[in-house]
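Visitor: My questions all concern the structure below.
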Amino acid sequence: MVVDAPVPAASPTRSPMRVFARRVLRSKVNLACLVFLGLVVVCAVFAPVIAPFDPNLQHLDSRYLPPFRWPYVFGTDDLGRDVLSRALLASRVSVIAPLISVGVALALGVSFGLAAGFVGGRVDSVLGRLADAVNSIPALVLALAVIAVLGPGLVNAMLAVGLASAPRLFRVVRGATLAVREETYIEASTVVGCSRLRTVAVHVLPNIRSPLLVQTSLLMSFALLAEASLSFLGLGIQPPDPSWGAMLRTAFEQQFLGPWLVVVPGLLIMCMVLSFNLLGDGIRDAIGRERGTW
Amino acid sequence: MSSEALLRIRDLRVEFASDDGWQRVVDGAHLDVQPGGARALVGESGSGKTVTALAAMGLLPRRHSRIPTGRIELAGQNLLDLSDRQLRPLRGTELAMIFQEPMTSLNPAYTVGEQIAETVRVHTGASRKDAWRRAVEVLGEVGIPAAARRALEYPHTFSGGMRQRVMIAMAISCRPKLLIADEPTTALDVTVQASILALLRELQETTSMAVLLVTHDLGVVADFCDDVTVMYAGQPVEEADTVELFGSPRHPYTSGLLQAMPQAAHTGLDLSSIPGVVPRADRMPPGCRFHPRCSHAQEGLCDIAEPDLVPVDGAHTSRCLRIQRGEIDELSRTVDDRVGAARADLDGRTL
Amino acid sequence: MRQPAAAQATSAAAEPAPLLEVEDLRKSFRRGGGSLLGRRGTAVRAVDGVSFTIRAGETLGIVGESGSGKSTTGRLLLRLLEPDSGRLRFDGQDLLIESRSAFRHRRRDLQMIFQDPYASLDPTKTIGASVTEPLRIFEKTTRRESENRGSELLSLVGLRPDHLGRYPSEMSGGQRQRVAIARALSLAPRLLVADEAVSALDVSTQSDVLNLMRRLQRELDLTYLFISHNLSVVRHMSDRIAVMYLGRIVEIGPADQVYLQPRHPYTRALLSAIPVPDPLIQRTRPRIVLTGDVPDPAHPPQGCNFVTRCPHAVPVCHEVDPVLEPDGGGYAVACHLSEGQETPDRTPRSSAAAPTQTGP
């Protein structure tokens with residue numbers, strides 16, 4: 001009796017995820033950013049294999065070589081170490097360090113943000129004040145304080161940066177949760193018997209993933225910069241391990257003997273930060289173009 | 001007849017940008033509004049009725065839409081030839097529009113009097129004092145009690161129905177010749193809807209303003225309009241005088257819509273429905289766009305040949321090949337035969 | 001406080017025990033307030049002493065305009081909102097003494113369909129995931145079982161099993177509402193609250209969904225509380241109709257009686273305001289056009305709630321709040337003018353309300 005429409009052509013399922021991905025990838029800028037970040041990750045994973053030299057091996061007979069002097073493609077530094085090899089190995093830090101701090105920020109920001117947004121009331125105001133308090137301390141100062149207590153080191157520094165950027169994520173998650181909480185499908189999930197925890201995990205979280213993704217991308221760039229700054233100050237990665245920030249430090253110290261040393265790490269940091277920022281904006285645009293599908 | 005029409009839309013096509021390129025949302029809109037007349041533009045969601053109305057107002061979003069062909073003539077002048085700057089003075093004085101959502105159409109930062117007076121000043125160059133006087137006057141005309149006092153109040157102090165009255169007041173403040181009303185009562189309660197329709201009817205009588213009423217509600221059409229254009233999937237499929245159209249629909253879609261309305265006489269029986277959904281703009285079926293849902297569709301005809309909107313009975317036009325060929329005599333109208341018995345039963349009880 | 005009589009009247013006349021009994025249900029919301037000086041704001045009485053019963057297998061329609069409290073009533077029954085006071089008995093058991101978590105198991109018996117099928121399905125979940133979620137929660141079904149049950153449920157509501165893998169954004173409004181119905185039916189509930197279930201749909205789709213709901217009622221022995229602002233639709237679906245105005249029931253009774261011989265002036269105005277899709281009838285029928293809008297529920301008028309818009313108001317209406325007066329036959333009306341003596345407008349309705357005289 002109930003005849004349904006012959007559904008117009010059985011098209012392949014357009015999952016909201018897939019539609020979103022297609023929309024992000026349509027932009028050449030986004031694609032370029034993703035390709036660059038992908039390359040960095042590949043370098044990070046295969047650094048020991050690709051690197052032509054041991055990054056810490058000192059060639060004291062060939063110090064301060066300018067670039068394009070075979071076999072040192074990007075030249076050598078003050079201790080005669082191959083810049084290319086060091087830069088390759090340093091990409092590991094550039095991948096891991098932001099992941100640590102963004103991981104911390106996500107863990108704190110998402111859980112507290114969801115709680116504040118969904119439960120509301122007193123929980124919301126207490127968590128909000130807490131976030132304000134953390135937020136009132138500049139991230140780098142907080143990082144310095146943590147390092148002062150726990151001692152220098154990459155992991156400590158990045159934990160501190162993560163803690164400092166958690167409030168930003170908290171605000172975003174809380175705001176998005178407040179909006180999603182009013183949706184009918186949240187009420188519907190209560191009707192079909194979801195517990196509050198299930199509602200939050202299964203229905204709220206996936207529906208705030210787009211603003212979350214934008215923020216994560218922007219936070220990655222912030223964390224990368226923070227890592228570079230701390231390593232530049234000598235508070236992050238410890239010698240002889242390379243990081244782009246630490247390499248900049250060397251370049252800064254040797255600016256009269258090897259002025260080109262600043263180019264490679266500087267450009268890499270810039271490109272990676274730019275990629276994360278552009279990607280964040282690109283995702284935001286892709287979401288903005290069609291609300292509701294994602 | 002059409003030569004003297006106030007608004008004449010001919011062969012209007014409108015396309016919107018989408019992820020998959022340009023999509024034709026309106027494909028050959030065609031309608032006339034007579035001076036002082038009331039024309040209904042009826043259709044379900046996705047029929048292109050609102051887009052047609054917005055095109056007539058020149059309100060389509062510039063960057064995401066285009067009009068490849070068509071004419072929209074207001075008193076003989078093709079509005080599509082005009083630049084935005086030339087069009088602007090016409091809005092308000094010749095054409096005005098009211099929307100479904102009266103809440104979002106008013107600026108919350110200004111009093112309603114200021115907003116109406118502003119409209120008046122922009123269009124007529126009247127002094128502040130005269131414009132204010134006109135604003136109060138027109139608020140009174142739309143039945144807002146204590147208009148002089150209410151003009152000083154902000155939109156949030158007005159209820160939904162009163163806000164729609166304010167919108168109407170603003171629209172008619174410069175005495176437009178044509179009012180385009182896009183679902184003006186859809187967001188309102190039925191009792192308020194009745195009073196708004198009564199107001200529009202009264203305004204029409206006193207000012208001889210023509211109205212193009214865009215709606216999905218056939219009841220509202222029956223109440224208010226002289227002529228009806230029914231749209232389906234971006235095309236007009238039937239056009240007639242209201243009494244004629246309701247009395248003997250000449251397109252299966254119209255007849256389907258009429259029968260789908262729940263009515264007292266049907267109680268206890270299943271409602272008739274139109275199976276399926278309106279096709280998407282990028283997946284229009286070949287032949288007649290309605291044929292996949294049509295119970296009268298004939299294989300080898302309706303799925304191949306594309307019908308035109310052709311007069312079938314005087315000024316009554318239809319985009320149905322089988323009707324045009326005279327193969328279908330009578331389409332069911334409001335009340336289906338199978339409910340005859342139930343009806344007689346009810347008659348006995350009521351009278 | 002004023003209306004329990006109606007509940008007794010209906011249950012007295014009824015043979016089977018009512019499935020749901022609602023007694024003097026109340027709910028207020030605070031509006032405004034939250035200022036620095038503490039929480040004040042005005043109390044808005046959204047539901048103000050509502051009583052009714054629903055027998056197993058019947059459909060009670062609730063009709064009213066915005067601000068009438070009809071949707072709030074529906075949400076109170078499912079405890080999506082907590083009532084301020086009143087009694088809710090389902091199958092003889094008091095629902096309100098149960099804790100919120102214990103009430104979760106009532107979801108098996110009490111389900112709901114929402115107005116907007118575009119909003120009531122999680123856009124990030126497939127249709128299959130949405131439809132079978134209640135099963136996974138309550139019956140801990142495996143993935144495979146869920147899939148089978150999901151297909152069954154979809155075919156029950158006239159969709160194909162291959163819709164399981166789709167997303168809401170790929171479906172039409174009517175199809176989504178079918179999905180919502182399938183989800184509500186997955187636990188085989190006994191009472192289904194439909195809140196404006198077809199209001200967001202086009203006419204052609206609306207009739208499809210209404211037919212489906214009636215078929216399911218017959219086949220699955222469902223009881224409906226059908227809430228809508230559209231009296232024609234309510235009349236089509238319901239055995240009995242309750243008309244609500246400003247948080248109260250003003251008239252309740254068998255559908256035919258309420259629709260064909262309404263006694264409350266508000267019901268009459270409501271009926272006359274629904275345009276009949278036939279120009280010849282619509283333009284000649286007598287119409288009652290109410291003046292003004294529904295009053296602000298935070299400041300209801302003194303006396304009868306309807307007095308500000310009532311065309312027949314007499315002095316007593318401004319002073320005394322009328323009681324919902326049952327006539328013993330399951331019918332009740334709250335109007336001073338309908339007690340005993342004839343009112344000027346008591347004549348049977350003309351053909352206008354019911355479009356039965358359709359001479360061309």
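Each chain in the structure tokens gets a letter, A, B, ..., in the order shown, and its residues are numbered from 1; ligands are numbered from 1 in order too.
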Select all residues from chain B having any atom no more than 10 Å from an atom of chain A (counting only C-alpha atoms, ignoring ligands), output as a PyMOL selection string.

Guide: chain B and resi 18-19+273-280+283-285+292-293

Visitor: Write out as a list in words every residue belonging to chain C that has an atom at most 6 Å from any atom of chain A, counting only C-alpha atoms.

Guide: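 Filtering chain C at 6 Å from chain A with only C-alpha atoms gives Arg104, Arg107, Ala119, Ser120, Leu121, Asp122, Pro134, Gly158 and Arg166 of chain C.
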
Visitor: Run DSSP on the backbone and grab whatever in segment 70-237 of chain B lands in strand (DSSP E or B); send it over as a PyMOL selection string.

Guide: chain B and resi 71-74+77-78+95-98+178-182+210-215+227-232+235-237

Visitor: Create the file for the chosen residues now, containing N, CA and C atoms and written as a PDB file, in the first residue's frame.

Guide:
```
ATOM      1  N   ARG B  71      12.137  36.785 -19.291  1.00  0.00           N
ATOM      2  CA  ARG B  71      11.756  38.184 -19.145  1.00  0.00           C
ATOM      3  C   ARG B  71      10.894  38.317 -17.903  1.00  0.00           C
ATOM      4  N   ILE B  72      11.129  39.360 -17.137  1.00  0.00           N
ATOM      5  CA  ILE B  72      10.235  39.689 -16.033  1.00  0.00           C
ATOM      6  C   ILE B  72       9.803  41.118 -16.290  1.00  0.00           C
ATOM      7  N   GLU B  73       8.588  41.286 -16.783  1.00  0.00           N
ATOM      8  CA  GLU B  73       8.150  42.627 -17.151  1.00  0.00           C
ATOM      9  C   GLU B  73       7.210  43.186 -16.107  1.00  0.00           C
ATOM     10  N   LEU B  74       7.530  44.392 -15.679  1.00  0.00           N
ATOM     11  CA  LEU B  74       6.625  45.095 -14.780  1.00  0.00           C
ATOM     12  C   LEU B  74       6.090  46.276 -15.557  1.00  0.00           C
ATOM     13  N   GLN B  77       8.048  46.927 -18.683  1.00  0.00           N
ATOM     14  CA  GLN B  77       9.497  47.130 -18.617  1.00  0.00           C
ATOM     15  C   GLN B  77      10.186  45.865 -18.121  1.00  0.00           C
ATOM     16  N   ASN B  78      11.181  45.399 -18.860  1.00  0.00           N
ATOM     17  CA  ASN B  78      11.862  44.172 -18.454  1.00  0.00           C
ATOM     18  C   ASN B  78      12.829  44.456 -17.306  1.00  0.00           C
ATOM     19  N   LEU B  95       7.023  47.655  -6.527  1.00  0.00           N
ATOM     20  CA  LEU B  95       7.023  46.278  -6.064  1.00  0.00           C
ATOM     21  C   LEU B  95       7.381  46.267  -4.587  1.00  0.00           C
ATOM     22  N   ALA B  96       6.735  45.412  -3.831  1.00  0.00           N
ATOM     23  CA  ALA B  96       7.168  45.252  -2.447  1.00  0.00           C
ATOM     24  C   ALA B  96       7.016  43.790  -2.103  1.00  0.00           C
ATOM     25  N   MET B  97       7.700  43.368  -1.064  1.00  0.00           N
ATOM     26  CA  MET B  97       7.664  41.939  -0.746  1.00  0.00           C
ATOM     27  C   MET B  97       7.555  41.722   0.755  1.00  0.00           C
ATOM     28  N   ILE B  98       6.802  40.722   1.149  1.00  0.00           N
ATOM     29  CA  ILE B  98       6.814  40.289   2.545  1.00  0.00           C
ATOM     30  C   ILE B  98       7.188  38.819   2.591  1.00  0.00           C
ATOM     31  N   LEU B 178       2.327  46.295  -6.766  1.00  0.00           N
ATOM     32  CA  LEU B 178       2.334  44.838  -6.650  1.00  0.00           C
ATOM     33  C   LEU B 178       3.000  44.425  -5.348  1.00  0.00           C
ATOM     34  N   LEU B 179       2.319  43.571  -4.610  1.00  0.00           N
ATOM     35  CA  LEU B 179       2.905  43.026  -3.383  1.00  0.00           C
ATOM     36  C   LEU B 179       3.185  41.548  -3.605  1.00  0.00           C
ATOM     37  N   ILE B 180       4.441  41.175  -3.425  1.00  0.00           N
ATOM     38  CA  ILE B 180       4.784  39.761  -3.512  1.00  0.00           C
ATOM     39  C   ILE B 180       4.858  39.225  -2.093  1.00  0.00           C
ATOM     40  N   ALA B 181       4.013  38.252  -1.803  1.00  0.00           N
ATOM     41  CA  ALA B 181       3.942  37.724  -0.440  1.00  0.00           C
ATOM     42  C   ALA B 181       4.403  36.276  -0.465  1.00  0.00           C
ATOM     43  N   ASP B 182       5.556  36.011   0.123  1.00  0.00           N
ATOM     44  CA  ASP B 182       6.113  34.661   0.107  1.00  0.00           C
ATOM     45  C   ASP B 182       5.745  33.942   1.399  1.00  0.00           C
ATOM     46  N   ALA B 210      -2.068  44.846  -6.564  1.00  0.00           N
ATOM     47  CA  ALA B 210      -2.049  43.451  -7.011  1.00  0.00           C
ATOM     48  C   ALA B 210      -1.190  42.632  -6.058  1.00  0.00           C
ATOM     49  N   VAL B 211      -1.528  41.365  -5.905  1.00  0.00           N
ATOM     50  CA  VAL B 211      -0.781  40.510  -4.991  1.00  0.00           C
ATOM     51  C   VAL B 211      -0.360  39.229  -5.707  1.00  0.00           C
ATOM     52  N   LEU B 212       0.898  38.889  -5.546  1.00  0.00           N
ATOM     53  CA  LEU B 212       1.373  37.567  -5.973  1.00  0.00           C
ATOM     54  C   LEU B 212       1.650  36.795  -4.693  1.00  0.00           C
ATOM     55  N   LEU B 213       0.802  35.806  -4.441  1.00  0.00           N
ATOM     56  CA  LEU B 213       0.899  35.072  -3.179  1.00  0.00           C
ATOM     57  C   LEU B 213       1.582  33.732  -3.428  1.00  0.00           C
ATOM     58  N   VAL B 214       2.740  33.570  -2.825  1.00  0.00           N
ATOM     59  CA  VAL B 214       3.471  32.314  -2.967  1.00  0.00           C
ATOM     60  C   VAL B 214       3.118  31.451  -1.766  1.00  0.00           C
ATOM     61  N   THR B 215       2.604  30.252  -2.003  1.00  0.00           N
ATOM     62  CA  THR B 215       2.172  29.439  -0.867  1.00  0.00           C
ATOM     63  C   THR B 215       2.162  27.962  -1.236  1.00  0.00           C
ATOM     64  N   ASP B 227      -6.516  33.908  -9.428  1.00  0.00           N
ATOM     65  CA  ASP B 227      -5.901  33.009 -10.397  1.00  0.00           C
ATOM     66  C   ASP B 227      -4.824  32.185  -9.714  1.00  0.00           C
ATOM     67  N   VAL B 228      -4.547  31.038 -10.292  1.00  0.00           N
ATOM     68  CA  VAL B 228      -3.556  30.148  -9.697  1.00  0.00           C
ATOM     69  C   VAL B 228      -2.572  29.658 -10.755  1.00  0.00           C
ATOM     70  N   THR B 229      -1.312  29.643 -10.390  1.00  0.00           N
ATOM     71  CA  THR B 229      -0.318  28.940 -11.178  1.00  0.00           C
ATOM     72  C   THR B 229       0.255  27.860 -10.289  1.00  0.00           C
ATOM     73  N   VAL B 230       0.206  26.617 -10.762  1.00  0.00           N
ATOM     74  CA  VAL B 230       0.749  25.510  -9.991  1.00  0.00           C
ATOM     75  C   VAL B 230       2.115  25.170 -10.552  1.00  0.00           C
ATOM     76  N   MET B 231       3.112  25.128  -9.700  1.00  0.00           N
ATOM     77  CA  MET B 231       4.458  24.784 -10.170  1.00  0.00           C
ATOM     78  C   MET B 231       4.867  23.425  -9.672  1.00  0.00           C
ATOM     79  N   TYR B 232       5.605  22.712 -10.516  1.00  0.00           N
ATOM     80  CA  TYR B 232       6.164  21.429 -10.102  1.00  0.00           C
ATOM     81  C   TYR B 232       7.562  21.298 -10.696  1.00  0.00           C
ATOM     82  N   GLN B 235       8.801  24.038 -13.017  1.00  0.00           N
ATOM     83  CA  GLN B 235       7.985  24.446 -14.171  1.00  0.00           C
ATOM     84  C   GLN B 235       6.544  24.681 -13.760  1.00  0.00           C
ATOM     85  N   PRO B 236       5.877  25.658 -14.396  1.00  0.00           N
ATOM     86  CA  PRO B 236       4.438  25.757 -14.179  1.00  0.00           C
ATOM     87  C   PRO B 236       3.766  24.591 -14.885  1.00  0.00           C
ATOM     88  N   VAL B 237       2.862  23.896 -14.194  1.00  0.00           N
ATOM     89  CA  VAL B 237       2.202  22.748 -14.832  1.00  0.00           C
ATOM     90  C   VAL B 237       0.731  23.020 -15.108  1.00  0.00           C
TER      91      VAL B 237
END
```

Visitor: For the alpha helix (DSSP H) assignment from backbone DSSP, which residues of segment 62-202 of chain C qualify? Please present them as a PyMOL selection string.

Guide: chain C and resi 70-77+100-103+127-138+143-156+173-185

Visitor: Those same residues, written as a PDB file, in the first residue's frame with C-alpha atoms?

Guide:
```
ATOM      1  CA  LYS C  70       0.409  21.095  23.625  1.00  0.00           C
ATOM      2  CA  SER C  71       4.047  20.252  22.887  1.00  0.00           C
ATOM      3  CA  THR C  72       5.034  20.766  26.510  1.00  0.00           C
ATOM      4  CA  THR C  73       2.306  18.316  27.492  1.00  0.00           C
ATOM      5  CA  GLY C  74       3.795  15.717  25.154  1.00  0.00           C
ATOM      6  CA  ARG C  75       7.258  16.254  26.573  1.00  0.00           C
ATOM      7  CA  LEU C  76       5.994  15.985  30.142  1.00  0.00           C
ATOM      8  CA  LEU C  77       4.482  12.590  29.396  1.00  0.00           C
ATOM      9  CA  ARG C 100      14.897   9.421  36.034  1.00  0.00           C
ATOM     10  CA  SER C 101      17.175   6.450  35.507  1.00  0.00           C
ATOM     11  CA  ALA C 102      14.452   3.950  36.315  1.00  0.00           C
ATOM     12  CA  PHE C 103      12.231   5.798  33.895  1.00  0.00           C
ATOM     13  CA  ILE C 127      19.857   5.359   8.903  1.00  0.00           C
ATOM     14  CA  GLY C 128      20.651   1.870  10.123  1.00  0.00           C
ATOM     15  CA  ALA C 129      22.541   3.169  13.130  1.00  0.00           C
ATOM     16  CA  SER C 130      19.701   5.519  14.050  1.00  0.00           C
ATOM     17  CA  VAL C 131      16.943   2.966  13.660  1.00  0.00           C
ATOM     18  CA  THR C 132      18.643   0.224  15.614  1.00  0.00           C
ATOM     19  CA  GLU C 133      20.147   2.353  18.359  1.00  0.00           C
ATOM     20  CA  PRO C 134      17.325   1.570  20.822  1.00  0.00           C
ATOM     21  CA  LEU C 135      17.856  -2.147  20.196  1.00  0.00           C
ATOM     22  CA  ARG C 136      21.531  -1.886  20.842  1.00  0.00           C
ATOM     23  CA  ILE C 137      20.834  -0.027  24.075  1.00  0.00           C
ATOM     24  CA  PHE C 138      18.046  -2.156  25.484  1.00  0.00           C
ATOM     25  CA  ARG C 143      25.671  -6.048  14.719  1.00  0.00           C
ATOM     26  CA  ARG C 144      24.150  -8.786  12.606  1.00  0.00           C
ATOM     27  CA  GLU C 145      20.891  -8.968  14.532  1.00  0.00           C
ATOM     28  CA  SER C 146      20.657  -5.212  14.415  1.00  0.00           C
ATOM     29  CA  GLU C 147      21.007  -5.272  10.678  1.00  0.00           C
ATOM     30  CA  ASN C 148      18.245  -7.828  10.289  1.00  0.00           C
ATOM     31  CA  ARG C 149      15.928  -6.022  12.654  1.00  0.00           C
ATOM     32  CA  GLY C 150      16.769  -2.755  10.940  1.00  0.00           C
ATOM     33  CA  SER C 151      15.742  -4.128   7.559  1.00  0.00           C
ATOM     34  CA  GLU C 152      12.521  -5.448   9.023  1.00  0.00           C
ATOM     35  CA  LEU C 153      11.734  -2.093  10.588  1.00  0.00           C
ATOM     36  CA  LEU C 154      12.445  -0.224   7.392  1.00  0.00           C
ATOM     37  CA  SER C 155      10.201  -2.472   5.355  1.00  0.00           C
ATOM     38  CA  LEU C 156       7.532  -2.038   8.013  1.00  0.00           C
ATOM     39  CA  GLY C 173      11.523  14.723   4.394  1.00  0.00           C
ATOM     40  CA  GLY C 174       8.904  12.004   4.107  1.00  0.00           C
ATOM     41  CA  GLN C 175      11.509   9.273   4.072  1.00  0.00           C
ATOM     42  CA  ARG C 176      13.206  10.731   7.126  1.00  0.00           C
ATOM     43  CA  GLN C 177       9.937  10.842   8.993  1.00  0.00           C
ATOM     44  CA  ARG C 178       9.465   7.156   8.142  1.00  0.00           C
ATOM     45  CA  VAL C 179      12.904   6.505   9.568  1.00  0.00           C
ATOM     46  CA  ALA C 180      11.954   8.363  12.725  1.00  0.00           C
ATOM     47  CA  ILE C 181       8.815   6.240  12.973  1.00  0.00           C
ATOM     48  CA  ALA C 182      10.818   3.061  12.445  1.00  0.00           C
ATOM     49  CA  ARG C 183      13.163   4.086  15.233  1.00  0.00           C
ATOM     50  CA  ALA C 184      10.265   4.809  17.557  1.00  0.00           C
ATOM     51  CA  LEU C 185       8.759   1.402  16.772  1.00  0.00           C
TER      52      LEU C 185
END
```

Visitor: Determine, counting only C-alpha atoms, which protein, DNA and RNA residues have an atom within 9 Å of an atom of Ser91 of chain A; residues of the same chain fewer than 3 positions away are not included. Present the result as a list in words.

Guide: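 Answer for this query is Val40, Val41, Cys43, Ala44, Val45, Ala47, Arg86, Ala87, Leu88, Ser94, Val95, Ile96, Pro242, Ser243, Trp244 and Leu268 of chain A.
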
Visitor: Write out as a ChimeraX atom specification the residues lying within 7 Å of Asp82 of chain A, counting only C-alpha atoms and excluding same-chain residues fewer than 6 positions away.

Guide: /A:53,55,72,75-76

Visitor: Would you kindly return, as a PDB file with N, CA and C atoms, in the first residue's frame, each protein, DNA or RNA residue with an atom no farther than 9 Å from any atom of Leu191 of chain C, considering only C-alpha atoms and excluding same-chain residues fewer than 6 positions away?

Guide:
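Saved to around-v9.pdb:
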```pdb
ATOM      1  N   LEU C  19      -4.991   3.394  29.253  1.00  0.00           N
ATOM      2  CA  LEU C  19      -3.566   3.076  29.197  1.00  0.00           C
ATOM      3  C   LEU C  19      -2.778   4.169  29.898  1.00  0.00           C
ATOM      4  N   LEU C  20      -3.215   5.398  29.651  1.00  0.00           N
ATOM      5  CA  LEU C  20      -2.506   6.521  30.254  1.00  0.00           C
ATOM      6  C   LEU C  20      -3.511   7.424  30.944  1.00  0.00           C
ATOM      7  N   ALA C  56      -6.228   2.208  25.589  1.00  0.00           N
ATOM      8  CA  ALA C  56      -5.360   1.430  24.707  1.00  0.00           C
ATOM      9  C   ALA C  56      -5.995   1.348  23.323  1.00  0.00           C
ATOM     10  N   GLY C  57      -5.202   1.592  22.315  1.00  0.00           N
ATOM     11  CA  GLY C  57      -5.658   1.442  20.941  1.00  0.00           C
ATOM     12  C   GLY C  57      -6.334   2.642  20.345  1.00  0.00           C
ATOM     13  N   ASP C 109       8.088   1.426  26.353  1.00  0.00           N
ATOM     14  CA  ASP C 109       6.640   1.540  26.195  1.00  0.00           C
ATOM     15  C   ASP C 109       6.210   2.867  25.602  1.00  0.00           C
ATOM     16  N   LEU C 110       6.982   3.906  25.911  1.00  0.00           N
ATOM     17  CA  LEU C 110       6.589   5.255  25.507  1.00  0.00           C
ATOM     18  C   LEU C 110       7.589   5.786  24.497  1.00  0.00           C
ATOM     19  N   GLN C 111       7.129   6.092  23.316  1.00  0.00           N
ATOM     20  CA  GLN C 111       8.042   6.640  22.322  1.00  0.00           C
ATOM     21  C   GLN C 111       7.464   7.908  21.707  1.00  0.00           C
ATOM     22  N   MET C 112       8.294   8.583  20.940  1.00  0.00           N
ATOM     23  CA  MET C 112       7.874   9.885  20.435  1.00  0.00           C
ATOM     24  C   MET C 112       8.391  10.096  19.020  1.00  0.00           C
ATOM     25  N   LEU C 222      -1.223   0.070  18.332  1.00  0.00           N
ATOM     26  CA  LEU C 222      -0.601   1.212  18.990  1.00  0.00           C
ATOM     27  C   LEU C 222      -1.633   2.179  19.536  1.00  0.00           C
ATOM     28  N   THR C 223      -1.210   2.931  20.510  1.00  0.00           N
ATOM     29  CA  THR C 223      -2.015   4.021  21.033  1.00  0.00           C
ATOM     30  C   THR C 223      -1.283   5.314  20.703  1.00  0.00           C
ATOM     31  N   TYR C 224      -2.016   6.287  20.175  1.00  0.00           N
ATOM     32  CA  TYR C 224      -1.359   7.527  19.783  1.00  0.00           C
ATOM     33  C   TYR C 224      -1.828   8.714  20.618  1.00  0.00           C
ATOM     34  N   LEU C 225      -0.879   9.573  20.919  1.00  0.00           N
ATOM     35  CA  LEU C 225      -1.230  10.926  21.326  1.00  0.00           C
ATOM     36  C   LEU C 225      -0.760  11.803  20.188  1.00  0.00           C
TER      37      LEU C 225
END
```

Visitor: Smallest atom-to-atom distance to chain C: which of B:Cys302, B:Val42, B:Ala56, B:Met167, using only C-alpha atoms?

Guide: B:Val42

Visitor: From the options B:Ile144, B:Leu152, B:Ile172, B:Leu200, which residue's atoms come nearest to chain C, counting only C-alpha atoms?

Guide: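 Closest to chain C of all the choices is B:Ile144.
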
Visitor: Which polymer residues have any atom within 7 Å of an atom of Gly161 of chain B, counting only C-alpha atoms, with same-chain residues fewer than 3 positions away left out, as an MDAnalysis selection string?

Guide: (chainID B and resid 164:165 188 192) or (chainID C and resid 293)

Visitor: Let's have the selection written as an mmCIF file, in the first residue's frame, with C-alpha atoms.

Guide:
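New file again-v2.cif:
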```cif
data_model
loop_
_atom_site.group_PDB
_atom_site.id
_atom_site.type_symbol
_atom_site.label_atom_id
_atom_site.label_comp_id
_atom_site.auth_asym_id
_atom_site.auth_seq_id
_atom_site.Cartn_x
_atom_site.Cartn_y
_atom_site.Cartn_z
ATOM 1 C CA GLN B 164 3.755 40.368 10.095
ATOM 2 C CA ARG B 165 1.368 43.333 10.181
ATOM 3 C CA LEU B 188 1.557 31.985 11.976
ATOM 4 C CA VAL B 192 -3.853 34.761 13.099
ATOM 5 C CA ASP C 293 -3.115 37.275 19.205
#
```

Visitor: What's the 6 Å shell around segment 117-124 of chain A, counting only C-alpha atoms, without same-chain residues fewer than 5 positions away, as a PyMOL selection string?

Guide: chain A and resi 174+177-178

Visitor: May I have the residues from that selection written out with N, CA and C atoms, as a CSV table (one decimal), in the first residue's frame?

Guide:
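As a result, part-v9.csv now contains:
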```csv
chain,number,residue,atom,x,y,z
A,174,ARG,N,32.8,23.9,24.1
A,174,ARG,CA,31.6,24.3,24.9
A,174,ARG,C,30.6,25.0,24.1
A,177,THR,N,29.0,22.6,21.7
A,177,THR,CA,28.1,21.7,22.4
A,177,THR,C,26.8,22.4,22.8
A,178,LEU,N,26.9,23.6,23.2
A,178,LEU,CA,25.7,24.3,23.6
A,178,LEU,C,24.7,24.4,22.4
```

Visitor: Kindly give the distance, in Å, that separates atom CA of Thr142 of chain C and atom CA of Pro168 of chain C, rounded to a single decimal.

Guide: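 Result for atom CA of Thr142 of chain C versus atom CA of Pro168 of chain C: 23.0 Å, one decimal.
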
Visitor: Nearest to Glu330 of chain B among B:Ser318, B:Ala148, B:Pro252, B:Gly219, with distances taken over only C-alpha atoms: which residue is it?

Guide: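 Ranked by minimum distance to Glu330 of chain B, first place goes to B:Pro252.
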
Visitor: Restricting the calculation to only C-alpha atoms, which member of C:Ile227, C:Ile252, C:Met171, C:Leu192 is positioned closest to chain B?

Guide: C:Met171

Visitor: Looking at B:Val25, B:Ala55, B:Ala198, B:Leu87, which one is nearest to chain C, with distances taken over only C-alpha atoms?

Guide: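 For chain C, the nearest of the given residues is B:Ala198.
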
Visitor: Measuring between only C-alpha atoms, which one of C:Ile249, C:Cys310, C:Leu210, C:Cys304 shows the shortest distance to chain B?

Guide: C:Leu210

Visitor: Rounded to one decimal place, report the atom CA of Leu41 of chain B-atom CA of Pro61 of chain B distance in Å.

Guide: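 Separation of atom CA of Leu41 of chain B and atom CA of Pro61 of chain B: 21.0 Å.
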